[in-house]
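Colleague: The structure is given below, and queries will be raised subsequently.
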Amino acid sequence: MPAFAQDTASNAPAADEGDEIIVTGSRIQRTDYDLANPVVSITAETLEQSGNVQVVDTLAQNPALLNSLSGARTSGSLSDFGAVGVSLLDLRGLGENRTLTLVNGRRHVSSVSGTAAVDINTIPTDLIESVDVLTGGASAIYGADGVSGVVNFRLKRDFEGFTARGQIGLSSRGDAGQRFGSATYGRNFADGRGNVALSYEYRDQDRLGSADRRRTGNPLYSYGLVRDPNDIPDDPGRPDRVLTNNLRYADSSIDGAVDLDLDGIPDFTGSGKVYDRGRLLPSSGGLTQGGDSTPLAGYQGDLQAYNRVHNVNLLSHYDFSDAVSAFFEAKYVRQKTFTLAQPSFDFFTYLNPDNPYLQDRFGVDATADGALLSRDNYDLGVRGEENDRETMRFVGGFEGRISDHARYELSYTFGQTKSKVKLTDYRIGDRYYAALDAVTDPATGNIVCRSNLFPDDNIDPNNFDAPATTFTPGANSGCRPLNLLGNGVRDQAALDWINADIVNRARLQQHVVSGSVSGDFGQFFELPGGPVGFAFGAEYRKEKSRFVTDELLQQGALLDFSVQLPESGDFDVKEVFGELSVPVLKELPFAYNLTFGAAIRLSDYSTVGKTTTWKVDGTYSPIRDITFRGTWSEAVRAPNVTELFAPRNGGFSFISDPCDPVFINDGTQYRVANCQAALQAAGLTPAQISAFNPESDPTATVSLPGFSGGNRNLREETARTWTAGVVVRPSFIPGLIASFDWYDIKLDNAISTPTAEELVGLCVDQPTLDNIYCANVTRSSGTGYISSYFVQPQNVANFRTAGADLKLNYSLNTGGLGRFNIALVGGYLDRLEFIATPGADINIDREERFFPKWNATGDITWSMNAFTVNYGVSWFSKTRRYTIEELRGNPDLSDPRYFRYKEKWQHDIYVAYDVDERFRFYVGANNLFDQQPSVASADYPISPVGRYMYAGARITM
């Protein structure tokens with residue numbers, strides 16, 4: 001359980017006041033308690049005591065990082081294309097693209113194509129000295145992308161000797177295993193003027209499938225909240241949605257749902273059994289309860305992706321003199337991740353009357369008109385994604401002392417991430433339909449592909465103009481007939497012919513040249529509080545990203561993908577920056593310390609042109625025991641490569657139509673009128689509008705085709721942030737440090753890239769249909785159903801968030817009873833708001849998933865002789881299952897018991913025994929009391945892994 005250290009402005013009792021160090025948030029050397037920015041530090045000891053192999057699992061317990069991406073959120077069907085298994089930090093809930101991740105105060109190459117998001121898995125766990133989380137004024141110091149703040153990983157240096165650590169762990173159910181090992185060897189040379197250290201780290205995490213948990217894999221124990229069929233039409237005194245188990249996708253089955261009379265309703269299963277449709281659930285998005293249809297349980301794939309990381313680091317420096325010291329760092333990371341998502345599916349796929357598999361199953365007379373087949377194809381190979389990532393990073397440069405009052409640094413950083421993104425078991429469209437169109441060869445009596453006998457015939461019976469593109473029809477085409485009537489009856493040779501592993505490749509490169517001079521004006525003058533500190537410098541950065549899709553994707557040959565074109569883009573930025581720290585007063589009555597600071601950065605982007613970021617700050621201590629601090633800043637984020645240069649690509653999305661009666665009251669006050677106008681514009685009569693109900697029509701709830709692309713007209717977004725706080729170190733309570741800080745961030749001209757589902761909702765939730773979102777949604781004339789969409793980033797949104805952070809640390813040495821340390825980090829979220837377009841209603845996101853109103857992480861550590869025991873609790877308050885708009889429109893949406901997800905209560909324990917000063921053994925358990933996710937939720941508010949136990953050892957020589 002993490003014991004979060006206090007912000008660097010408060011964590012200095014052990015240091016002499018004259019010690020000068022570099023702290024996150026400033027390039028000026030100063031004592032760490034002088035910093036005006038609130039910073040939370042997570043120490044190396046905390047990371048070890050957490051028991052987490054994935055560092056992000058520890059960091060995500062920090063109040064500012066609750067929405068960070070890891071675990072189930074980058075696994076299974078929830079992972080983004082090319083981002084399986086990544087761990088991305090999201091500071092203040094404003095998005096991972098707005099969080100600037102640094103290593104030793106320098107930028108790190110991205111891990112996700114077209115973005116600036118850094119995969120935390122590439123940072124070596126056991127080399128971390130501390131992780132500093134900073135809000136306010138970051139962009140002026142470090143550059144763009146930090147509009148919500150900075151997370152800086154400070155690594156250890158000056159190793160002498162050898163240290164190694166190993167750890168294994170698994171869940172109390174015997175799965176979700178993790179393994180960790182690290183070794184570091186360092187040596188000083190040249191009488192201590194030089195040091196070189198080499199480190200290797202290995203991390204390994206097992207896949208966890210949704211079938212491995214009863215509540216997600218067993219239909220009888222897997223629940224959802226769906227429309228009560230006994231509450232249609234709506235009874236205001238009865239909940240609309242009820243808790244229901246054994247939910248299934250209507251009229252589609254694992255062994256096939258066969259419609260012989262072509263009325264859209266299955267008559268038999270593919271195995272020949274009379275089809276049991278189960279209990280029909282109208283207005284539920286095409287669901288039934290029970291019967292022969294495909295269960296929702298287990299459908300969405302893995303709860304945790306497989307992840308394996310090899311991480312090698314070289315750290316070195318050599319001091320030629322006080323004036324010149326050379327440093328060099330090198331890193332190589334090899335990472336493999338894999339996850340299984342959901343199976344492919346057929347929906348109303350036509351089988352010809354002369355299909356011998358169809359005739360053999362149901363007879364010639366019953367199949368005179370052919371059949372429609374709907375099926376979830378588990379036995380064709382569940383679709384998966386495997387990512388192989390290779391990250392290299394080199395940092396080299398010189399630093400030294402110019403005089404007693406000035407230092408310089410000149411550095412060059414190169415980073416590169418190469419990825420191979422392999423999609424497994426995807427169907428090639430023309431081959432699939434050719435294999436499915438089986439006939440009997442009159443010459444031999446064998447079942448063959450029709451295209452083998454009649455190469456000039458149409459390949460796809462659902463598209464009469466579709467030619468073969470990936471093979472040449474005829475006797476030597478290699479086509480093997482495919483039988484889908486039953487589960488597991490398909491021929492493996494046919495499967496090998498229709499399926500393909502799609503290989504896409506990405507490469508990201510980063511070049512950064514930076515030079516700075518820092519020091520103070522003490523040789524010229526001093527203020528009553530001391531010399532004025534300064535830092536100034538310049539930086540050049542170039543970012544490149546290229547993503548090359550598989551030839552089959554570029555051709556649009558896959559059945560489950562539209563055309564996916566390669567993406568390529570780059571930009572560079574030239575910057576100059578400066579910073580001042582002005583100590584006005586020091587150690588005077590009612591002015592123990594008074595310091596002001598300022599920073600500015602001027603940037604020139606090749607994409608958006610010139611930008612300016614700045615900050616001003618101050619600290620005031622009337623007495624030694626209390627310090628007031630505050631910052632005011634303006635930061636920018638320029639659009640990334642994907643936002644600018646992504647080509648127009650096709651795709652498919654499941655979309656719940658906001659104009660359906662089930663959802664019509666779930667939006668803003670404008671939704672009802674806008675939906676009526678949109679349907680009228682699609683040519684629907686008043687009677688058709690009244691009867692509009694796509695959720696009850698399976699053809700309207702299947703995956704819908706659409707498009708996405710970049711926008712080269714994007715501009716930078718701008719954030720204005722202020723923080724104000726107080727730090728208390730009462731001299732009459734030795735060992736106690738506490739701080740309270742308020743933050744307020746307003747992001748204007750924000751780049752908004754909605755999902756397809758969000759796009760259609762935002763269209764009808766604006767004051768009028770004349771908005772950027774409706775311009776990108778198409779409805780079919782006559783039915784009014786959504787027929788297409790175009791997802792594109794736009795500078796149209798505003799975000800606003802505000803809240804408070806509370807930090808407390810108390811250390812007490814009792815002598816005979818050992819040493820106690822109590823730590824608490826708490827957060828209060830006052831507001832989190834999103835405005836989709838200028839003039840639109842405010843969407844309140846506070847208290848939605850991962851954005852609780854209250855949260856806290858606290859622990860107590862006891863150390864005595866050779867024993868160390870840490871017990872911690874991570875908690876956050878209940879959050880809303882439904883939005884404010886949904887409940888406003890439907891107060892009876894569900895039983896009030898289900899309006900909110902339950903609180904998170906995670907209890908952790910860590911016990912260590914030091915055999916001597918070289919050997920330590922430890923054991924621990926996370927989620928000690930095995931809290932489970934909320935009902936009708938797979939992975940929230942707590943990990944579906946459940947209780948996790950581990951054991952490890954560390955040796956230092």
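So you can find residues: chains in the structure tokens are A, B, ... in the order shown, residues in each start at 1, and ligands are numbered from 1 in order.
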Name all residues at most 6 Å from Gln178 (chain A) (count only C-alpha atoms; drop same-chain ones fewer than 2 positions away) and give them as a VMD selection string.

Modeller: chain A and resid 168 to 169 204 to 205

Colleague: Might you pull out every residue within 9 Å of Ser374 (chain A), with only C-alpha atoms counted and same-chain residues fewer than 4 positions away left off, and present them as a list in words?

Modeller: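 Selected residues are Asp251, Ser252, Ser253, Ile254, Gly256, Ala257, Val258, Asp259, Pro266, Phe345, Asp346, Phe347, Phe348 and Thr349 of chain A.
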
Colleague: Hey, what does DSSP flag as strand (DSSP E or B) within region 558-642 of chain A? Can you give it to me as a short mmCIF file (atom, residue, chain, number, x, y, z; two decimals) with C-alpha atoms, in the first residue's frame?

Modeller:
data_model
loop_
_atom_site.label_atom_id
_atom_site.label_comp_id
_atom_site.auth_asym_id
_atom_site.auth_seq_id
_atom_site.Cartn_x
_atom_site.Cartn_y
_atom_site.Cartn_z
CA LEU A 558 -10.88 -7.76 -44.10
CA GLU A 567 -0.53 7.46 -40.94
CA SER A 568 2.54 9.64 -40.99
CA GLY A 569 3.44 13.05 -39.66
CA ASP A 570 6.02 15.12 -37.84
CA PHE A 571 6.55 18.53 -36.32
CA ASP A 572 9.29 20.46 -34.61
CA VAL A 573 9.36 23.26 -32.08
CA LYS A 574 11.99 25.84 -31.17
CA GLU A 575 11.81 27.31 -27.68
CA VAL A 576 13.49 29.74 -25.33
CA PHE A 577 12.69 29.93 -21.64
CA GLY A 578 13.58 31.79 -18.50
CA GLU A 579 12.86 31.55 -14.78
CA LEU A 580 13.43 33.76 -11.75
CA SER A 581 13.22 33.14 -8.01
CA VAL A 582 13.19 36.34 -5.93
CA PRO A 583 13.71 35.82 -2.16
CA VAL A 584 12.44 39.10 -0.75
CA LEU A 585 12.70 38.44 2.99
CA LYS A 586 14.14 35.74 5.21
CA GLU A 587 14.24 34.98 8.95
CA LEU A 588 12.63 38.27 10.03
CA ALA A 591 8.56 37.14 7.59
CA TYR A 592 10.49 33.96 8.07
CA ASN A 593 10.37 33.61 4.30
CA LEU A 594 8.88 35.63 1.45
CA THR A 595 9.75 34.56 -2.09
CA PHE A 596 8.28 35.30 -5.48
CA GLY A 597 8.96 33.50 -8.75
CA ALA A 598 8.17 33.70 -12.43
CA ALA A 599 8.81 31.71 -15.59
CA ILE A 600 8.11 32.14 -19.28
CA ARG A 601 8.56 29.99 -22.38
CA LEU A 602 8.30 31.21 -25.97
CA SER A 603 7.69 28.48 -28.55
CA ASP A 604 7.51 28.31 -32.32
CA TYR A 605 5.82 25.18 -33.71
CA GLY A 609 3.07 28.72 -34.99
CA LYS A 610 4.09 30.81 -31.98
CA THR A 611 2.80 30.20 -28.45
CA THR A 612 3.60 31.61 -25.02
CA THR A 613 3.39 29.93 -21.63
CA TRP A 614 4.11 31.56 -18.31
CA LYS A 615 3.67 31.32 -14.57
CA VAL A 616 4.07 33.47 -11.45
CA ASP A 617 4.21 32.11 -7.94
CA GLY A 618 5.02 32.94 -4.37
CA THR A 619 5.60 31.52 -0.89
CA TYR A 620 5.17 33.30 2.43
CA SER A 621 6.08 31.98 5.88
CA PRO A 622 5.19 34.39 8.68
CA ILE A 623 6.88 31.94 11.03
CA ILE A 626 3.64 27.63 8.48
CA THR A 627 4.03 28.46 4.79
CA PHE A 628 1.44 29.87 2.40
CA ARG A 629 2.01 29.27 -1.30
CA GLY A 630 0.33 29.90 -4.63
CA THR A 631 0.79 29.83 -8.40
CA TRP A 632 -0.93 31.36 -11.41
CA SER A 633 -0.04 30.06 -14.86
CA GLU A 634 -1.02 29.69 -18.48
CA ALA A 635 -0.07 26.58 -20.44
CA VAL A 636 -0.62 25.30 -23.97
CA ARG A 637 -0.83 21.96 -25.71
#

Colleague: For Ser111 (chain A), which residue among A:Asn713, A:Ser284, A:Ser87, A:Gln289 is the nearest when counting only C-alpha atoms?

Modeller: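 Nearest to Ser111 (chain A): A:Ser87.
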
Colleague: Write out as number ranges by chain each polymer residue whose atoms come within 10 Å of Met392 (chain A), counting only C-alpha atoms; drop sequence neighbours fewer than 2 positions from it.

Modeller: A: 109, 122, 311-313, 330-334, 390, 394, 414-418, 509

Colleague: Write out as a PDB file with C-alpha atoms, in the first residue's frame the residues lying within 12 Å of Ser26 (chain A), counting only C-alpha atoms and excluding same-chain residues fewer than 5 positions away.

Modeller:
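Produced file part.pdb, reproduced below:
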ATOM      1  CA  THR A   8       8.757  18.491  -1.886  1.00  0.00           C
ATOM      2  CA  ALA A   9       7.869  21.805  -0.346  1.00  0.00           C
ATOM      3  CA  ILE A  21      19.004  20.329  -4.971  1.00  0.00           C
ATOM      4  CA  THR A  31      16.195  24.150  -0.943  1.00  0.00           C
ATOM      5  CA  ASP A  32      13.185  21.993  -1.578  1.00  0.00           C
ATOM      6  CA  ASP A  34      11.050  26.894  -1.064  1.00  0.00           C
ATOM      7  CA  LEU A  35       8.989  25.488  -3.953  1.00  0.00           C
ATOM      8  CA  ALA A  36       5.603  27.152  -4.501  1.00  0.00           C
ATOM      9  CA  ASN A  37       4.058  24.328  -6.531  1.00  0.00           C
ATOM     10  CA  VAL A  39       4.146  18.289  -5.400  1.00  0.00           C
ATOM     11  CA  GLY A 105      13.216  16.231 -15.810  1.00  0.00           C
ATOM     12  CA  LEU A 134       3.018  18.338  -9.973  1.00  0.00           C
ATOM     13  CA  GLY A 136       0.416  24.125 -12.012  1.00  0.00           C
ATOM     14  CA  GLY A 137       3.039  25.995 -13.984  1.00  0.00           C
ATOM     15  CA  ALA A 138       4.606  22.925 -15.566  1.00  0.00           C
ATOM     16  CA  SER A 139       4.523  24.001 -19.203  1.00  0.00           C
ATOM     17  CA  ALA A 140       6.550  27.157 -18.586  1.00  0.00           C
ATOM     18  CA  ILE A 141       9.328  25.000 -17.108  1.00  0.00           C
ATOM     19  CA  TYR A 142       9.223  21.878 -19.257  1.00  0.00           C
ATOM     20  CA  VAL A 150       3.744  16.884 -14.815  1.00  0.00           C
ATOM     21  CA  ASN A 152       8.484  13.249 -13.183  1.00  0.00           C
ATOM     22  CA  SER A 518      21.119  28.423 -13.867  1.00  0.00           C
ATOM     23  CA  GLY A 519      22.404  30.067 -10.742  1.00  0.00           C
ATOM     24  CA  GLY A 533      17.979  32.800  -8.569  1.00  0.00           C
ATOM     25  CA  PHE A 534      17.711  32.458 -12.325  1.00  0.00           C
ATOM     26  CA  ALA A 535      17.602  29.932 -15.131  1.00  0.00           C
ATOM     27  CA  PHE A 536      17.420  30.486 -18.860  1.00  0.00           C
ATOM     28  CA  PHE A 577      12.691  29.929 -21.642  1.00  0.00           C
ATOM     29  CA  GLY A 578      13.576  31.790 -18.499  1.00  0.00           C
ATOM     30  CA  GLU A 579      12.859  31.553 -14.785  1.00  0.00           C
ATOM     31  CA  LEU A 580      13.434  33.760 -11.745  1.00  0.00           C
ATOM     32  CA  SER A 581      13.219  33.141  -8.012  1.00  0.00           C
ATOM     33  CA  GLY A 597       8.955  33.503  -8.749  1.00  0.00           C
ATOM     34  CA  ALA A 598       8.168  33.702 -12.434  1.00  0.00           C
ATOM     35  CA  ALA A 599       8.812  31.707 -15.588  1.00  0.00           C
ATOM     36  CA  ILE A 600       8.112  32.142 -19.285  1.00  0.00           C
ATOM     37  CA  LYS A 615       3.675  31.318 -14.571  1.00  0.00           C
ATOM     38  CA  ASP A 617       4.212  32.106  -7.939  1.00  0.00           C
TER      39      ASP A 617
END

Colleague: Please provide the set of residues having any atom within 9 Å of region 479-485 of chain A, restricted to only C-alpha atoms, with same-chain residues fewer than 6 positions apart removed, written as JSON, numbers by chain.

Modeller: {"A": [255, 256, 257, 258, 269, 270, 271, 272, 357, 358, 361, 373, 375, 377, 431, 432, 434, 435, 436, 437, 438, 439, 447, 448, 449, 450, 451, 452, 471, 473, 491, 493, 494, 495, 497, 498]}

Colleague: Can I get the selection written as a CSV table (one decimal), in the first residue's frame, with N, CA and C atoms?

Modeller:
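Now in part.csv:
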chain,number,residue,atom,x,y,z
A,255,ASP,N,-23.4,-21.7,-32.0
A,255,ASP,CA,-23.4,-22.8,-33.0
A,255,ASP,C,-24.3,-22.4,-34.2
A,256,GLY,N,-24.8,-21.1,-34.2
A,256,GLY,CA,-25.5,-20.6,-35.3
A,256,GLY,C,-27.0,-20.5,-35.0
A,257,ALA,N,-27.6,-19.4,-35.5
A,257,ALA,CA,-29.0,-19.2,-35.4
A,257,ALA,C,-29.5,-19.1,-36.8
A,258,VAL,N,-30.3,-20.1,-37.2
A,258,VAL,CA,-30.7,-20.3,-38.6
A,258,VAL,C,-32.1,-19.9,-38.8
A,269,THR,N,-31.2,-23.9,-34.2
A,269,THR,CA,-29.8,-23.7,-34.0
A,269,THR,C,-29.0,-24.4,-35.1
A,270,GLY,N,-27.8,-24.0,-35.3
A,270,GLY,CA,-27.0,-24.7,-36.3
A,270,GLY,C,-26.8,-26.2,-36.1
A,271,SER,N,-27.0,-26.7,-34.9
A,271,SER,CA,-27.0,-28.1,-34.6
A,271,SER,C,-28.3,-28.8,-34.9
A,272,GLY,N,-29.3,-28.1,-35.3
A,272,GLY,CA,-30.6,-28.7,-35.7
A,272,GLY,C,-31.7,-28.6,-34.7
A,357,TYR,N,-24.2,-28.4,-46.6
A,357,TYR,CA,-24.3,-28.5,-45.2
A,357,TYR,C,-25.7,-28.1,-44.7
A,358,LEU,N,-26.3,-27.1,-45.4
A,358,LEU,CA,-27.6,-26.7,-45.0
A,358,LEU,C,-28.6,-27.8,-45.3
A,361,ARG,N,-28.4,-30.8,-43.0
A,361,ARG,CA,-28.9,-30.5,-41.6
A,361,ARG,C,-30.5,-30.4,-41.6
A,373,LEU,N,-28.2,-16.8,-41.6
A,373,LEU,CA,-27.4,-17.3,-40.5
A,373,LEU,C,-26.8,-16.2,-39.6
A,375,ARG,N,-24.5,-15.7,-36.1
A,375,ARG,CA,-23.6,-16.5,-35.4
A,375,ARG,C,-22.4,-15.7,-34.7
A,377,ASN,N,-18.7,-16.3,-33.7
A,377,ASN,CA,-17.7,-17.4,-34.2
A,377,ASN,C,-16.6,-17.6,-33.3
A,431,ARG,N,-12.4,-14.5,-49.2
A,431,ARG,CA,-12.1,-15.9,-48.9
A,431,ARG,C,-13.2,-16.5,-48.0
A,432,TYR,N,-13.6,-15.7,-47.0
A,432,TYR,CA,-14.7,-16.2,-46.1
A,432,TYR,C,-15.9,-16.5,-46.8
A,434,ALA,N,-16.3,-17.1,-50.0
A,434,ALA,CA,-16.1,-18.1,-51.0
A,434,ALA,C,-16.1,-19.5,-50.3
A,435,ALA,N,-15.5,-19.6,-49.1
A,435,ALA,CA,-15.5,-20.8,-48.3
A,435,ALA,C,-16.9,-21.1,-47.8
A,436,LEU,N,-17.7,-20.1,-47.5
A,436,LEU,CA,-19.0,-20.3,-46.9
A,436,LEU,C,-20.0,-20.8,-48.0
A,437,ASP,N,-19.7,-20.4,-49.3
A,437,ASP,CA,-20.6,-20.8,-50.4
A,437,ASP,C,-20.2,-22.2,-50.9
A,438,ALA,N,-20.6,-23.2,-50.2
A,438,ALA,CA,-20.3,-24.5,-50.5
A,438,ALA,C,-21.3,-25.2,-51.4
A,439,VAL,N,-20.9,-26.1,-52.3
A,439,VAL,CA,-21.7,-26.8,-53.2
A,439,VAL,C,-21.2,-28.2,-53.3
A,447,ILE,N,-17.9,-32.1,-51.3
A,447,ILE,CA,-18.3,-30.7,-51.0
A,447,ILE,C,-17.1,-29.8,-51.3
A,448,VAL,N,-17.3,-28.8,-52.1
A,448,VAL,CA,-16.3,-27.9,-52.5
A,448,VAL,C,-16.8,-26.5,-52.5
A,449,CYS,N,-15.9,-25.5,-52.7
A,449,CYS,CA,-16.3,-24.2,-52.9
A,449,CYS,C,-16.9,-23.9,-54.2
A,450,ARG,N,-18.0,-23.2,-54.3
A,450,ARG,CA,-18.6,-22.9,-55.6
A,450,ARG,C,-17.6,-22.2,-56.5
A,451,SER,N,-16.7,-21.3,-56.0
A,451,SER,CA,-15.8,-20.6,-56.8
A,451,SER,C,-14.8,-21.5,-57.4
A,452,ASN,N,-14.6,-22.7,-56.9
A,452,ASN,CA,-13.6,-23.7,-57.5
A,452,ASN,C,-14.2,-24.2,-58.8
A,471,PHE,N,-7.5,-13.8,-53.9
A,471,PHE,CA,-7.2,-15.1,-54.5
A,471,PHE,C,-7.8,-15.1,-55.9
A,473,PRO,N,-10.1,-17.3,-58.2
A,473,PRO,CA,-11.1,-18.4,-58.2
A,473,PRO,C,-10.7,-19.5,-59.2
A,491,ASP,N,-13.7,-27.1,-40.7
A,491,ASP,CA,-12.5,-27.7,-41.1
A,491,ASP,C,-11.3,-26.8,-40.9
A,493,ALA,N,-8.4,-26.7,-42.2
A,493,ALA,CA,-7.8,-26.2,-43.5
A,493,ALA,C,-8.6,-25.0,-44.0
A,494,ALA,N,-9.9,-25.0,-43.9
A,494,ALA,CA,-10.7,-23.9,-44.3
A,494,ALA,C,-10.4,-22.7,-43.4
A,495,LEU,N,-10.3,-23.0,-42.2
A,495,LEU,CA,-10.0,-21.9,-41.2
A,495,LEU,C,-8.6,-21.3,-41.5
A,497,TRP,N,-7.3,-21.0,-44.3
A,497,TRP,CA,-7.4,-20.2,-45.6
A,497,TRP,C,-8.1,-18.9,-45.4
A,498,ILE,N,-9.1,-18.9,-44.6
A,498,ILE,CA,-9.9,-17.6,-44.5
A,498,ILE,C,-9.4,-16.6,-43.5

Colleague: In region 172-229 of chain A, what's alpha helix (DSSP H) per DSSP? Answer as a list of chain:residue names?

Modeller: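 Taking region 172-229 of chain A and keeping alpha helix (DSSP H) only, one gets A:Arg214, A:Arg215, A:Thr216, A:Gly217.
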
Colleague: Compile the contact shell of Arg427 (chain A) as a PyMOL selection string: residues with an atom at most 10 Å away, counting only C-alpha atoms, same-chain residues fewer than 2 positions apart removed.

Modeller: chain A and resi 344+380-381+383+424-425+429-433+495-502+557-561

Colleague: Can I get the selection written as a short mmCIF file (atom, residue, chain, number, x, y, z; two decimals), in the first residue's frame, with C-alpha atoms?

Modeller:
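That gives us again-v5.cif:
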data_model
loop_
_atom_site.label_atom_id
_atom_site.label_comp_id
_atom_site.auth_asym_id
_atom_site.auth_seq_id
_atom_site.Cartn_x
_atom_site.Cartn_y
_atom_site.Cartn_z
CA SER A 344 -16.15 -12.28 -35.07
CA LEU A 380 -13.11 -19.58 -35.85
CA GLY A 381 -10.55 -18.11 -33.45
CA ARG A 383 -9.82 -12.10 -32.34
CA THR A 424 -4.83 -12.36 -34.88
CA ASP A 425 -7.59 -14.45 -36.49
CA GLY A 429 -13.75 -11.10 -46.67
CA ASP A 430 -13.68 -12.61 -50.15
CA ARG A 431 -12.14 -15.87 -48.91
CA TYR A 432 -14.65 -16.17 -46.10
CA TYR A 433 -17.66 -15.85 -48.41
CA LEU A 495 -9.98 -21.91 -41.21
CA ASP A 496 -6.34 -21.51 -42.17
CA TRP A 497 -7.39 -20.24 -45.59
CA ILE A 498 -9.93 -17.64 -44.47
CA ASN A 499 -8.09 -16.24 -41.41
CA ALA A 500 -5.08 -13.96 -41.41
CA ASP A 501 -2.78 -12.40 -38.85
CA ILE A 502 -2.59 -8.74 -39.76
CA ALA A 557 -9.94 -6.90 -47.67
CA LEU A 558 -10.88 -7.76 -44.10
CA LEU A 559 -14.47 -8.56 -43.27
CA ASP A 560 -14.38 -6.84 -39.88
CA PHE A 561 -12.39 -3.73 -40.86
#

Colleague: Report as number ranges by chain all protein, DNA and RNA residues lying within 8 Å of Arg671 (chain A), evaluated on only C-alpha atoms, omitting residues in the same chain fewer than 5 positions from it.

Modeller: A: 659, 664-665, 764-766

Colleague: Would you mind reading off the distance between CA of Leu736 (chain A) and CA of Ala64 (chain A), one decimal, in Å?

Modeller: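 Result for CA of Leu736 (chain A) versus CA of Ala64 (chain A): 22.7 Å, one decimal.
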
Colleague: In Å, how far is it from CA of Gly93 (chain A) to CA of Phe834 (chain A)?

Modeller: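 CA of Gly93 (chain A) sits 11.2 Å away from CA of Phe834 (chain A).
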